[in-house]
$ cat target.cif   # mmCIF, C-alpha atoms
data_target
#
loop_
_atom_site.label_atom_id
_atom_site.label_comp_id
_atom_site.auth_asym_id
_atom_site.auth_seq_id
_atom_site.Cartn_x
_atom_site.Cartn_y
_atom_site.Cartn_z
CA MET Q 1209 -36.71 -19.62 35.18
CA ASN Q 1210 -37.95 -16.75 33.12
CA SER Q 1211 -37.20 -16.41 29.48
CA VAL Q 1212 -34.85 -13.41 29.80
CA ILE Q 1213 -32.41 -15.48 31.84
CA LEU Q 1214 -32.59 -18.38 29.41
CA GLN Q 1215 -32.02 -15.96 26.57
CA ASP Q 1216 -28.96 -14.52 28.30
CA ILE Q 1217 -27.48 -17.98 28.77
CA TRP Q 1218 -28.34 -19.11 25.24
CA ARG Q 1219 -26.78 -16.02 23.70
CA GLY Q 1220 -23.41 -16.87 25.25
CA ILE Q 1221 -23.65 -20.45 24.04
CA PHE Q 1222 -24.90 -19.81 20.53
CA GLN Q 1223 -25.09 -16.32 19.04
CA GLU Q 1224 -22.04 -14.98 20.86
CA ASN Q 1225 -20.08 -18.15 21.46
CA PRO Q 1226 -16.59 -17.07 22.64
CA VAL Q 1227 -14.80 -19.58 20.41
CA PHE Q 1228 -16.84 -19.76 17.23
CA ARG Q 1229 -18.10 -16.18 17.07
CA MET Q 1230 -15.71 -14.01 19.08
CA PHE Q 1231 -12.56 -16.05 18.25
CA MET Q 1232 -11.22 -15.51 21.76
CA GLY Q 1233 -9.73 -17.77 24.39
CA LEU Q 1234 -8.15 -20.00 21.77
CA CYS Q 1235 -4.90 -20.44 23.67
CA PRO Q 1236 -6.30 -22.55 26.57
CA LEU Q 1237 -8.75 -24.16 24.15
CA LEU Q 1238 -6.03 -25.52 21.86
CA GLY Q 1239 -3.53 -26.11 24.64
CA VAL Q 1240 -5.43 -28.56 26.82
CA SER Q 1241 -7.71 -30.26 24.34
CA ALA Q 1242 -5.70 -33.41 23.75
CA TYR Q 1243 -7.72 -35.36 26.32
CA LEU Q 1244 -11.40 -35.11 27.16
CA LEU Q 1245 -10.98 -35.04 30.94
CA SER Q 1246 -8.47 -32.21 30.98
CA GLY Q 1247 -10.54 -30.31 28.42
CA LEU Q 1248 -13.65 -30.64 30.56
CA SER Q 1249 -11.83 -29.46 33.68
CA MET Q 1250 -10.41 -26.48 31.79
CA GLY Q 1251 -13.92 -25.59 30.63
CA LEU Q 1252 -15.32 -25.75 34.15
CA ILE Q 1253 -12.42 -23.76 35.63
CA PHE Q 1254 -12.88 -21.18 32.88
CA THR Q 1255 -16.58 -20.84 33.70
CA GLY Q 1256 -15.97 -20.61 37.45
CA VAL Q 1257 -13.24 -18.01 37.19
CA LEU Q 1258 -15.27 -15.97 34.70
CA ILE Q 1259 -18.30 -15.89 37.00
CA CYS Q 1260 -16.25 -14.96 40.09
CA CYS Q 1261 -14.41 -12.30 38.11
CA ASN Q 1262 -17.65 -10.80 36.94
CA LEU Q 1263 -19.12 -10.84 40.45
CA ILE Q 1264 -16.13 -9.15 42.10
CA PHE Q 1265 -15.72 -6.62 39.34
CA ALA Q 1266 -19.40 -5.73 39.38
CA LEU Q 1267 -19.35 -5.22 43.14
CA LEU Q 1268 -16.25 -3.00 43.00
CA GLN Q 1269 -17.34 -1.11 39.96
CA GLY Q 1270 -18.60 2.07 41.58
CA GLY Q 1271 -15.24 2.66 43.25
CA ILE Q 1272 -12.90 2.18 40.29
CA PRO Q 1273 -11.86 5.24 38.29
CA ALA Q 1274 -12.11 4.75 34.55
CA GLN Q 1275 -8.35 5.06 33.91
CA VAL Q 1276 -7.41 2.09 36.10
CA ARG Q 1277 -10.26 -0.27 35.22
CA LEU Q 1278 -7.98 -2.51 33.22
CA PRO Q 1279 -5.20 -2.94 35.81
CA VAL Q 1280 -7.78 -3.56 38.54
CA PHE Q 1281 -9.51 -6.12 36.37
CA VAL Q 1282 -6.25 -7.88 35.58
CA ILE Q 1283 -5.35 -8.04 39.28
CA ILE Q 1284 -8.74 -9.55 40.12
CA SER Q 1285 -8.44 -12.23 37.46
CA ALA Q 1286 -4.80 -12.98 38.38
CA THR Q 1287 -5.76 -13.37 42.04
CA LEU Q 1288 -8.57 -15.77 41.17
CA VAL Q 1289 -6.34 -17.81 38.87
CA THR Q 1290 -3.61 -18.00 41.52
CA THR Q 1291 -6.23 -19.21 44.00
CA VAL Q 1292 -7.41 -21.93 41.63
CA ASP Q 1293 -3.79 -22.89 40.99
CA ILE Q 1294 -3.06 -23.29 44.70
CA ILE Q 1295 -6.28 -25.27 45.26
CA LEU Q 1296 -5.37 -27.62 42.39
CA GLN Q 1297 -1.82 -28.00 43.74
CA VAL Q 1298 -3.23 -29.23 47.03
CA TYR Q 1299 -6.16 -31.40 45.93
CA TYR Q 1300 -5.54 -32.44 42.32
CA PRO Q 1301 -1.80 -32.19 41.61
CA GLY Q 1302 -2.13 -34.53 38.62
CA MET Q 1303 -4.71 -32.34 36.94
CA ARG Q 1304 -2.65 -29.24 37.63
CA GLU Q 1305 0.30 -30.91 35.91
CA GLU Q 1306 -1.90 -31.60 32.90
CA LEU Q 1307 -3.25 -28.06 32.61
CA GLY Q 1308 0.21 -26.63 33.20
CA ILE Q 1309 0.92 -23.11 32.08
CA TYR Q 1310 -2.41 -22.78 30.26
CA LEU Q 1311 -4.17 -22.48 33.62
CA LEU Q 1312 -2.04 -19.47 34.57
CA LEU Q 1313 -2.59 -17.94 31.14
CA LEU Q 1314 -6.33 -17.76 31.87
CA ALA Q 1315 -5.49 -14.62 33.83
CA VAL Q 1316 -4.92 -12.61 30.65
CA ASN Q 1317 -7.71 -14.20 28.68
CA CYS Q 1318 -9.35 -11.58 26.50
CA VAL Q 1319 -12.79 -13.21 26.82
CA PHE Q 1320 -12.89 -12.22 30.46
CA PHE Q 1321 -12.24 -8.59 29.88
CA ALA Q 1322 -14.30 -8.31 26.73
CA ARG Q 1323 -17.30 -9.96 28.34
CA VAL Q 1324 -17.18 -8.38 31.76
CA GLU Q 1325 -16.44 -4.95 30.38
CA VAL Q 1326 -19.07 -5.03 27.65
CA PHE Q 1327 -21.91 -6.70 29.46
CA ALA Q 1328 -21.44 -6.27 33.20
CA SER Q 1329 -20.94 -2.55 33.08
CA ARG Q 1330 -24.30 -1.99 31.39
CA ARG Q 1331 -26.67 -4.56 32.86
CA PRO Q 1332 -27.94 -5.46 36.33
CA LEU Q 1333 -25.73 -7.87 38.27
CA VAL Q 1334 -27.99 -10.92 38.08
CA ARG Q 1335 -28.36 -10.74 34.33
CA SER Q 1336 -24.65 -10.25 33.79
CA ILE Q 1337 -23.94 -13.36 35.87
CA PHE Q 1338 -26.24 -15.44 33.69
CA ASP Q 1339 -24.61 -13.92 30.64
CA VAL Q 1340 -21.10 -14.96 31.69
CA LEU Q 1341 -22.46 -18.36 32.71
CA GLY Q 1342 -23.63 -18.73 29.11
CA VAL Q 1343 -20.25 -17.64 27.75
CA GLY Q 1344 -18.48 -20.10 30.07
CA LEU Q 1345 -20.79 -22.90 28.95
CA GLY Q 1346 -20.18 -21.95 25.33
CA PHE Q 1347 -16.45 -22.29 25.89
CA THR Q 1348 -16.90 -25.57 27.77
CA ILE Q 1349 -18.98 -27.06 24.96
CA ALA Q 1350 -16.39 -26.01 22.38
CA ILE Q 1351 -13.48 -27.48 24.33
CA VAL Q 1352 -15.36 -30.71 25.12
CA VAL Q 1353 -16.22 -31.25 21.45
CA LEU Q 1354 -12.67 -30.51 20.31
CA ALA Q 1355 -11.06 -32.62 23.04
CA GLY Q 1356 -13.53 -35.44 22.40
CA ILE Q 1357 -12.66 -35.55 18.71
CA ARG Q 1358 -8.93 -35.33 19.35
CA GLU Q 1359 -8.90 -38.02 22.02
CA LEU Q 1360 -11.24 -40.34 20.13
CA LEU Q 1361 -9.33 -40.25 16.84
CA GLY Q 1362 -5.90 -39.54 18.28
CA THR Q 1363 -5.80 -42.39 20.79
CA GLY Q 1364 -8.86 -44.51 19.99
CA ALA Q 1365 -10.12 -44.08 23.54
CA LEU Q 1366 -12.53 -41.77 25.34
CA MET Q 1367 -11.91 -40.79 28.97
CA GLY Q 1368 -9.30 -43.56 28.97
CA ALA Q 1369 -11.78 -46.27 27.92
CA GLU Q 1370 -11.05 -48.12 24.67
CA VAL Q 1371 -13.69 -47.44 22.01
CA PHE Q 1372 -12.62 -48.78 18.64
CA GLY Q 1373 -10.93 -52.04 19.58
CA PRO Q 1374 -7.42 -53.24 18.76
CA HIS Q 1375 -7.54 -52.87 14.98
CA PHE Q 1376 -7.96 -49.09 15.03
CA GLU Q 1377 -4.89 -47.16 13.96
CA PRO Q 1378 -4.80 -43.87 15.95
CA ILE Q 1379 -4.09 -40.66 14.02
CA ARG Q 1380 -0.97 -39.52 15.81
CA MET Q 1381 -1.05 -36.03 14.33
CA LEU Q 1382 -4.28 -35.20 16.16
CA ARG Q 1383 -2.58 -35.59 19.53
CA GLU Q 1384 0.05 -33.02 18.58
CA ALA Q 1385 -0.07 -29.32 17.78
CA PRO Q 1386 -0.85 -29.48 14.02
CA GLY Q 1387 -3.86 -31.70 14.63
CA ALA Q 1388 -5.26 -29.27 17.18
CA PHE Q 1389 -5.12 -26.38 14.71
CA ILE Q 1390 -6.63 -28.35 11.85
CA ALA Q 1391 -9.37 -29.93 13.98
CA LEU Q 1392 -10.39 -26.54 15.35
CA GLY Q 1393 -10.34 -25.04 11.86
CA LEU Q 1394 -12.67 -27.74 10.60
CA LEU Q 1395 -14.94 -27.34 13.63
CA MET Q 1396 -15.14 -23.62 12.93
CA ALA Q 1397 -16.12 -24.31 9.36
CA LEU Q 1398 -18.84 -26.62 10.67
CA ALA Q 1399 -20.01 -23.94 13.09
CA ASN Q 1400 -20.04 -21.42 10.24
CA THR Q 1401 -22.28 -23.76 8.26
CA ILE Q 1402 -24.74 -23.84 11.15
CA TYR Q 1403 -24.59 -20.08 11.68
CA ARG Q 1404 -25.12 -19.55 7.98
CA LYS Q 1405 -28.23 -21.69 8.13
CA TYR Q 1406 -29.62 -19.47 10.88
CA ARG Q 1407 -28.60 -16.35 8.94
CA LEU Q 1408 -26.23 -15.15 11.63
CA LEU Q 1409 -23.30 -14.97 9.28
CA ASP Q 1410 -23.40 -12.70 6.31
CA ASP Q 1411 -21.66 -9.40 6.90
CA ASP Q 1412 -18.76 -10.74 8.96
CA THR Q 1413 -17.14 -12.91 6.33
CA GLU Q 1414 -17.49 -10.31 3.64
CA ASN Q 1415 -15.84 -7.71 5.80
CA GLU Q 1416 -13.01 -10.07 6.53
CA ALA Q 1417 -12.38 -10.80 2.87
CA GLY Q 1418 -12.73 -7.14 1.96
CA GLU Q 1419 -10.19 -5.98 4.51
CA GLY Q 1420 -7.66 -8.60 3.56
CA GLY Q 1421 -8.04 -7.74 -0.09
CA SER Q 1422 -7.74 -4.00 0.34
CA LEU Q 1423 -4.00 -4.07 -0.24
CA TRP Q 1424 -4.50 -5.62 -3.63
CA ASN Q 1425 -7.10 -3.14 -4.71
CA SER Q 1426 -5.22 -0.03 -3.69
CA MET D 1022 27.74 -19.39 24.05
CA GLU D 1023 26.60 -22.62 22.44
CA GLN D 1024 23.72 -22.70 24.88
CA LEU D 1025 22.65 -19.19 23.86
CA ILE D 1026 22.72 -19.92 20.13
CA SER D 1027 20.80 -23.11 20.74
CA ILE D 1028 18.12 -21.21 22.72
CA LEU D 1029 17.88 -18.63 19.95
CA PHE D 1030 17.23 -21.13 17.16
CA VAL D 1031 15.15 -23.59 19.15
CA TYR D 1032 12.65 -20.95 20.27
CA ILE D 1033 12.45 -19.17 16.92
CA LEU D 1034 11.81 -22.26 14.83
CA ILE D 1035 11.35 -25.53 16.62
CA GLU D 1036 9.59 -24.70 19.88
CA ASN D 1037 7.74 -21.87 18.18
CA PHE D 1038 5.34 -20.18 20.60
CA VAL D 1039 2.37 -19.99 18.26
CA LEU D 1040 2.77 -23.16 16.27
CA GLN D 1041 3.89 -25.55 18.99
CA HIS D 1042 2.45 -24.10 22.19
CA PHE D 1043 -0.56 -22.08 20.97
CA PHE D 1044 0.53 -18.95 22.87
CA GLY D 1045 -0.71 -15.88 21.04
CA VAL D 1046 -3.26 -17.44 18.71
CA CYS D 1047 -5.69 -14.58 19.41
CA PRO D 1048 -3.33 -11.86 18.09
CA LEU D 1049 -2.49 -14.20 15.20
CA LEU D 1050 -6.12 -14.08 14.10
CA ASP D 1051 -6.51 -10.42 14.90
CA SER D 1052 -3.29 -8.77 13.73
CA SER D 1053 -2.39 -10.59 10.54
CA ARG D 1054 -4.76 -8.79 8.21
CA ASN D 1055 -1.95 -7.40 6.10
CA ILE D 1056 1.84 -7.11 6.18
CA GLU D 1057 1.93 -3.64 7.78
CA ASN D 1058 -0.42 -4.74 10.49
CA ALA D 1059 1.64 -7.84 11.24
CA ALA D 1060 4.94 -5.95 11.17
CA GLY D 1061 3.67 -3.33 13.63
CA MET D 1062 2.34 -5.94 16.02
CA GLY D 1063 5.54 -7.96 15.64
CA MET D 1064 7.82 -5.02 16.46
CA ALA D 1065 5.79 -4.06 19.51
CA THR D 1066 5.78 -7.66 20.72
CA ILE D 1067 9.54 -8.11 20.27
CA LEU D 1068 10.22 -5.01 22.34
CA LEU D 1069 7.67 -5.85 25.03
CA MET D 1070 8.59 -9.51 25.36
CA THR D 1071 12.35 -8.96 25.56
CA LEU D 1072 11.86 -6.26 28.18
CA SER D 1073 9.35 -8.23 30.20
CA THR D 1074 11.45 -11.40 30.37
CA LEU D 1075 14.35 -9.28 31.61
CA VAL D 1076 12.27 -7.53 34.28
CA ALA D 1077 10.45 -10.74 35.24
CA TRP D 1078 13.78 -12.54 35.77
CA LEU D 1079 15.15 -9.68 37.87
CA ILE D 1080 12.05 -9.42 40.05
CA TYR D 1081 11.71 -13.16 40.52
CA THR D 1082 15.32 -13.90 41.48
CA GLN D 1083 16.09 -10.68 43.33
CA VAL D 1084 12.82 -9.94 45.10
CA LEU D 1085 10.37 -12.83 45.16
CA LEU D 1086 12.79 -15.68 45.89
CA PRO D 1087 14.67 -13.98 48.77
CA LEU D 1088 11.34 -12.99 50.34
CA GLU D 1089 9.83 -16.45 49.66
CA LEU D 1090 6.88 -14.91 47.86
CA TYR D 1091 7.26 -17.06 44.76
CA TYR D 1092 3.56 -18.01 44.75
CA LEU D 1093 2.78 -14.38 43.88
CA HIS D 1094 4.71 -14.59 40.62
CA LEU D 1095 1.63 -14.58 38.39
CA LEU D 1096 0.22 -11.42 39.97
CA VAL D 1097 3.56 -9.61 39.86
CA PHE D 1098 4.32 -10.62 36.27
CA ILE D 1099 0.92 -9.47 35.09
CA MET D 1100 1.43 -6.08 36.68
CA VAL D 1101 4.92 -5.81 35.19
CA ILE D 1102 3.59 -6.68 31.73
CA ALA D 1103 0.67 -4.27 32.02
CA VAL D 1104 3.01 -1.41 32.96
CA LEU D 1105 5.61 -2.27 30.31
CA GLY D 1106 2.86 -2.73 27.73
CA LYS D 1107 1.58 0.74 28.44
CA ALA D 1108 5.15 2.08 28.21
CA VAL D 1109 5.79 0.38 24.86
CA GLU D 1110 2.48 1.65 23.55
CA THR D 1111 3.30 5.23 24.60
CA LEU D 1112 6.75 4.93 23.05
CA PHE D 1113 5.33 3.78 19.74
CA ARG D 1114 2.66 6.47 19.76
CA ARG D 1115 5.28 9.15 20.34
CA TYR D 1116 7.99 8.00 17.92
CA PHE D 1117 6.34 5.65 15.44
CA PRO D 1118 2.75 6.88 15.11
CA TYR D 1119 2.25 4.88 11.94
CA VAL D 1120 3.17 1.62 13.63
CA HIS D 1121 1.04 2.53 16.62
CA GLN D 1122 -2.02 2.80 14.42
CA GLN D 1123 -1.53 -0.78 13.32
CA VAL D 1124 -1.44 -2.20 16.84
CA ARG D 1125 -5.11 -2.27 17.66
CA PHE D 1126 -4.85 -5.33 19.82
CA PHE D 1127 -4.24 -4.50 23.45
CA LEU D 1128 -0.64 -5.60 24.03
CA PRO D 1129 -0.71 -7.05 27.58
CA PHE D 1130 -3.56 -9.34 26.57
CA ASN D 1131 -1.21 -11.19 24.28
CA CYS D 1132 -0.80 -14.32 26.32
CA ALA D 1133 2.54 -15.09 24.63
CA VAL D 1134 4.14 -12.30 26.67
CA LEU D 1135 2.97 -13.70 29.97
CA ALA D 1136 3.86 -17.22 28.87
CA ALA D 1137 7.43 -16.11 28.12
CA ALA D 1138 7.79 -14.58 31.58
CA LEU D 1139 6.42 -17.73 33.25
CA LEU D 1140 8.58 -20.09 31.17
CA VAL D 1141 11.72 -18.18 32.17
CA ILE D 1142 11.02 -19.26 35.74
CA ASP D 1143 10.14 -22.85 34.79
CA ASN D 1144 13.34 -23.31 32.80
CA ASN D 1145 15.74 -21.85 35.40
CA PHE D 1146 17.43 -19.59 32.86
CA THR D 1147 20.30 -17.25 33.74
CA LEU D 1148 19.81 -13.55 33.05
CA LEU D 1149 21.42 -13.59 29.62
CA GLU D 1150 19.62 -16.78 28.65
CA ALA D 1151 16.32 -15.28 29.78
CA VAL D 1152 16.75 -12.20 27.61
CA ILE D 1153 17.79 -14.27 24.58
CA PHE D 1154 14.83 -16.55 25.23
CA GLY D 1155 12.39 -13.62 25.31
CA PHE D 1156 13.90 -12.21 22.14
CA ALA D 1157 13.87 -15.55 20.32
CA ALA D 1158 10.31 -16.39 21.33
CA SER D 1159 9.03 -13.01 20.20
CA VAL D 1160 10.93 -13.20 16.91
CA GLY D 1161 9.37 -16.61 16.33
CA PHE D 1162 5.95 -15.15 17.07
CA SER D 1163 6.49 -12.21 14.71
CA LEU D 1164 7.79 -14.49 11.99
CA VAL D 1165 4.62 -16.56 12.06
CA LEU D 1166 2.54 -13.38 12.12
CA LEU D 1167 4.33 -12.03 9.03
CA VAL D 1168 4.12 -15.26 7.06
CA MET D 1169 0.45 -15.59 7.99
CA ALA D 1170 -0.23 -12.03 6.84
CA GLY D 1171 1.37 -12.87 3.48
CA VAL D 1172 -0.74 -16.00 3.16
CA ARG D 1173 -3.89 -14.08 4.06
CA GLU D 1174 -3.24 -11.49 1.38
CA ARG D 1175 -3.05 -14.31 -1.16
CA LEU D 1176 -6.10 -16.06 0.27
CA ALA D 1177 -8.13 -12.90 -0.19
CA VAL D 1178 -7.61 -13.22 -3.95
CA TYR D 1179 -8.29 -16.93 -4.26
CA GLY D 1180 -11.77 -18.24 -3.75
CA VAL D 1181 -11.90 -19.69 -0.27
CA PRO D 1182 -15.20 -21.55 0.32
CA ALA D 1183 -17.61 -19.32 2.20
CA VAL D 1184 -17.78 -21.37 5.39
CA PHE D 1185 -14.00 -21.51 5.65
CA GLN D 1186 -13.52 -17.76 5.40
CA GLY D 1187 -12.13 -15.93 8.39
CA ALA D 1188 -10.73 -17.81 11.37
CA ALA D 1189 -11.29 -21.34 10.02
CA ILE D 1190 -8.90 -21.12 7.09
CA ILE D 1191 -6.29 -19.27 9.18
CA LEU D 1192 -6.29 -22.05 11.76
CA ILE D 1193 -5.95 -24.71 9.09
CA VAL D 1194 -3.05 -22.82 7.49
CA ALA D 1195 -1.44 -22.52 10.93
CA GLY D 1196 -1.90 -26.28 11.32
CA ILE D 1197 -0.05 -26.86 8.06
CA PHE D 1198 2.78 -24.52 9.18
CA SER D 1199 2.94 -26.39 12.44
CA TYR D 1200 3.05 -29.75 10.68
CA ALA D 1201 5.90 -28.51 8.50
CA LEU D 1202 7.82 -27.44 11.59
CA THR D 1203 7.31 -30.67 13.53
CA THR D 1204 8.05 -33.05 10.71
CA GLY D 1205 10.59 -30.94 8.85
CA LEU D 1206 12.64 -29.17 11.45
CA GLY D 1207 11.81 -31.24 14.52
CA GLY D 1208 14.10 -33.99 13.28
CA ILE D 1209 17.14 -31.71 13.03
CA TYR D 1210 17.28 -30.83 16.68
CA SER D 1211 15.40 -32.41 19.52
CA PRO D 1212 15.81 -30.51 22.80
#
$ encode --input "target.cif" --output "structure tokens"
Amino acid sequence: MNSVILQDIWRGIFQENPVFRMFMGLCPLLGVSAYLLSGLSMGLIFTGVLICCNLIFALLQGGIPAQVRLPVFVIISATLVTTVDIILQVYYPGMREELGIYLLLLAVNCVFFARVEVFASRRPLVRSIFDVLGVGLGFTIAIVVLAGIRELLGTGALMGAEVFGPHFEPIRMLREAPGAFIALGLLMALANTIYRKYRLLDDDTENEAGEGGSLWNS
Amino acid sequence: MEQLISILFVYILIENFVLQHFFGVCPLLDSSRNIENAAGMGMATILLMTLSTLVAWLIYTQVLLPLELYYLHLLVFIMVIAVLGKAVETLFRRYFPYVHQQVRFFLPFNCAVLAAALLVIDNNFTLLEAVIFGFAASVGFSLVLLVMAGVRERLAVYGVPAVFQGAAIILIVAGIFSYALTTGLGGIYSP
């Protein structure tokens, strides 16, 4: 392994994490993070589809006119997601039930397009594959952490195994929609603390506050 | 008739797309910077979503089911939404250039639109129900977007702790909205 490849992977996990830095792909992240197992499978499917998408798009790239890049890209990702859906229907129907509509919604995930378009079109194929691998792993880590917290505190179990014993009172809200939003919000604040420590976060937040406040100043 | 009114209110308030199902959280973060921004995005989404549920229903029941190609529904819906999204965008650019400026987010990548088309199939709606469903879901989405934009304009004035600025505080506010909906309105009507 040379260091360029490791750097490419690490960038997707840390500096350009799709969830904590790009704020993309939140719909599948929030949707299937109630249980650790389903969260982990969603993360792995996300990574797999992203890599395949990148590979196919990179191979076809020379032949696609600029005006139809987006439709072609969407067709590729929809085909891959349909394939995954059919495979899950045959081999893991239970898991497919759990992922539900969020699996199909991966087809219009903005991370895919943003990443493949920005990185793959400018770098050699091998590097772009390691880059999307990093982004996929970044997403997987985020969803595993969120799902772990929600399952642990929401049900008192982890992967179905009891952790806290019978006296633990589960926080019901964390299993439902409000808990997902609040848990992710707190995780993002935690991530921001870490980014701040490594001086990756200075301009962004100020821009955000400035733009929101512009209406009041004008 | 009762069924239609029930669909309208359930999908605007109780089964809200953003707050209960997380569809369209990305545009919620991106397009709620201020009221104009949110209103532009909301209008475009209402038009696109109502149209796309209508077309998705027609294509699914009239073309895909008779030909037994129902496993292609995802591919077909995505193409329909991409084409309609482009059409809506062109329409807004031509007639409402001011609104068009506000919609920076690429419309077909709003996963709420695709989710609406897919849920029409899952719920076995009739044509009229499907259109009302698309309209209600998009109104619910726009409502949350508008309220969030209002909250963000206030938040910009108050001192939000530095690490919570940006997406973190928006998600927590959305969580509080969602909690209000589930505990407050969820008890009135349970589908």
$ interface_residues --input "target.cif" --of "chain Q" --to "chain D" --cutoff "6 Å" --atoms "all atoms listed in the file" --output "ChimeraX atom specification"
/Q:1235,1286,1316,1385-1386,1389-1390,1393,1396-1397,1400-1401,1417,1420-1421
$ write_last_selection --input "target.cif" --atoms "C-alpha atoms" --output "PDB file, keeping the file's coordinate frame"
ATOM      1  CA  CYS Q1235      -4.900 -20.440  23.670  1.00  0.00           C
ATOM      2  CA  ALA Q1286      -4.800 -12.980  38.380  1.00  0.00           C
ATOM      3  CA  VAL Q1316      -4.920 -12.610  30.650  1.00  0.00           C
ATOM      4  CA  ALA Q1385      -0.070 -29.320  17.780  1.00  0.00           C
ATOM      5  CA  PRO Q1386      -0.850 -29.480  14.020  1.00  0.00           C
ATOM      6  CA  PHE Q1389      -5.120 -26.380  14.710  1.00  0.00           C
ATOM      7  CA  ILE Q1390      -6.630 -28.350  11.850  1.00  0.00           C
ATOM      8  CA  GLY Q1393     -10.340 -25.040  11.860  1.00  0.00           C
ATOM      9  CA  MET Q1396     -15.140 -23.620  12.930  1.00  0.00           C
ATOM     10  CA  ALA Q1397     -16.120 -24.310   9.360  1.00  0.00           C
ATOM     11  CA  ASN Q1400     -20.040 -21.420  10.240  1.00  0.00           C
ATOM     12  CA  THR Q1401     -22.280 -23.760   8.260  1.00  0.00           C
ATOM     13  CA  ALA Q1417     -12.380 -10.800   2.870  1.00  0.00           C
ATOM     14  CA  GLY Q1420      -7.660  -8.600   3.560  1.00  0.00           C
ATOM     15  CA  GLY Q1421      -8.040  -7.740  -0.090  1.00  0.00           C
TER      16      GLY Q1421
END
$ atom_distance --input "target.cif" --atom1 "atom CA of D:Asn1144" --atom2 "atom CA of D:Leu1072"
17.7 Å
$ atom_distance --input "target.cif" --atom1 "atom CA of D:Leu1112" --atom2 "atom CA of D:Val1168"
25.9 Å
$ resolve_selection --input "target.cif" --expression "the PyMOL selection byres ((chain Q and resi 1336) around 12)" --output "MDAnalysis selection string"
chainID Q and resid 1212:1213 1215:1217 1219:1220 1258:1267 1323:1335 1337:1343
$ closest_residue --input "target.cif" --among "D:Val1109, D:Leu1049, D:Leu1149, D:Leu1025" --to "Q:Phe1231" --atoms "only C-alpha atoms"
D:Leu1049
$ closest_residue --input "target.cif" --among "D:Asn1037, D:Val1101, D:Phe1117, D:Leu1206" --to "D:Val1076" --atoms "all atoms listed in the file"
D:Val1101
$ closest_residue --input "target.cif" --among "Q:Val1353, Q:Val1298, Q:Met1303, Q:Leu1234" --to "Q:Leu1366" --atoms "all atoms listed in the file"
Q:Val1353
$ atom_distance --input "target.cif" --atom1 "atom CA of D:Ile1026" --atom2 "atom CA of D:Thr1082"
23.4 Å
$ closest_residue --input "target.cif" --among "Q:Leu1244, Q:Glu1306, Q:Tyr1403, Q:Tyr1299" --to "Q:Leu1361" --atoms "only C-alpha atoms"
Q:Leu1244
$ residues_around --input "target.cif" --residues "D:Met1070" --least-positions-apart "4" --cutoff "7 Å" --atoms "only C-alpha atoms" --output "JSON list (two decimals) with C-alpha atoms, keeping the file's coordinate frame"
[["chain", "number", "residue", "atom", "x", "y", "z"],
["D", 1066, "THR", "CA", 5.78, -7.66, 20.72],
["D", 1074, "THR", "CA", 11.45, -11.40, 30.37],
["D", 1134, "VAL", "CA", 4.14, -12.30, 26.67],
["D", 1155, "GLY", "CA", 12.39, -13.62, 25.31],
["D", 1156, "PHE", "CA", 13.90, -12.21, 22.14],
["D", 1159, "SER", "CA", 9.03, -13.01, 20.20]]
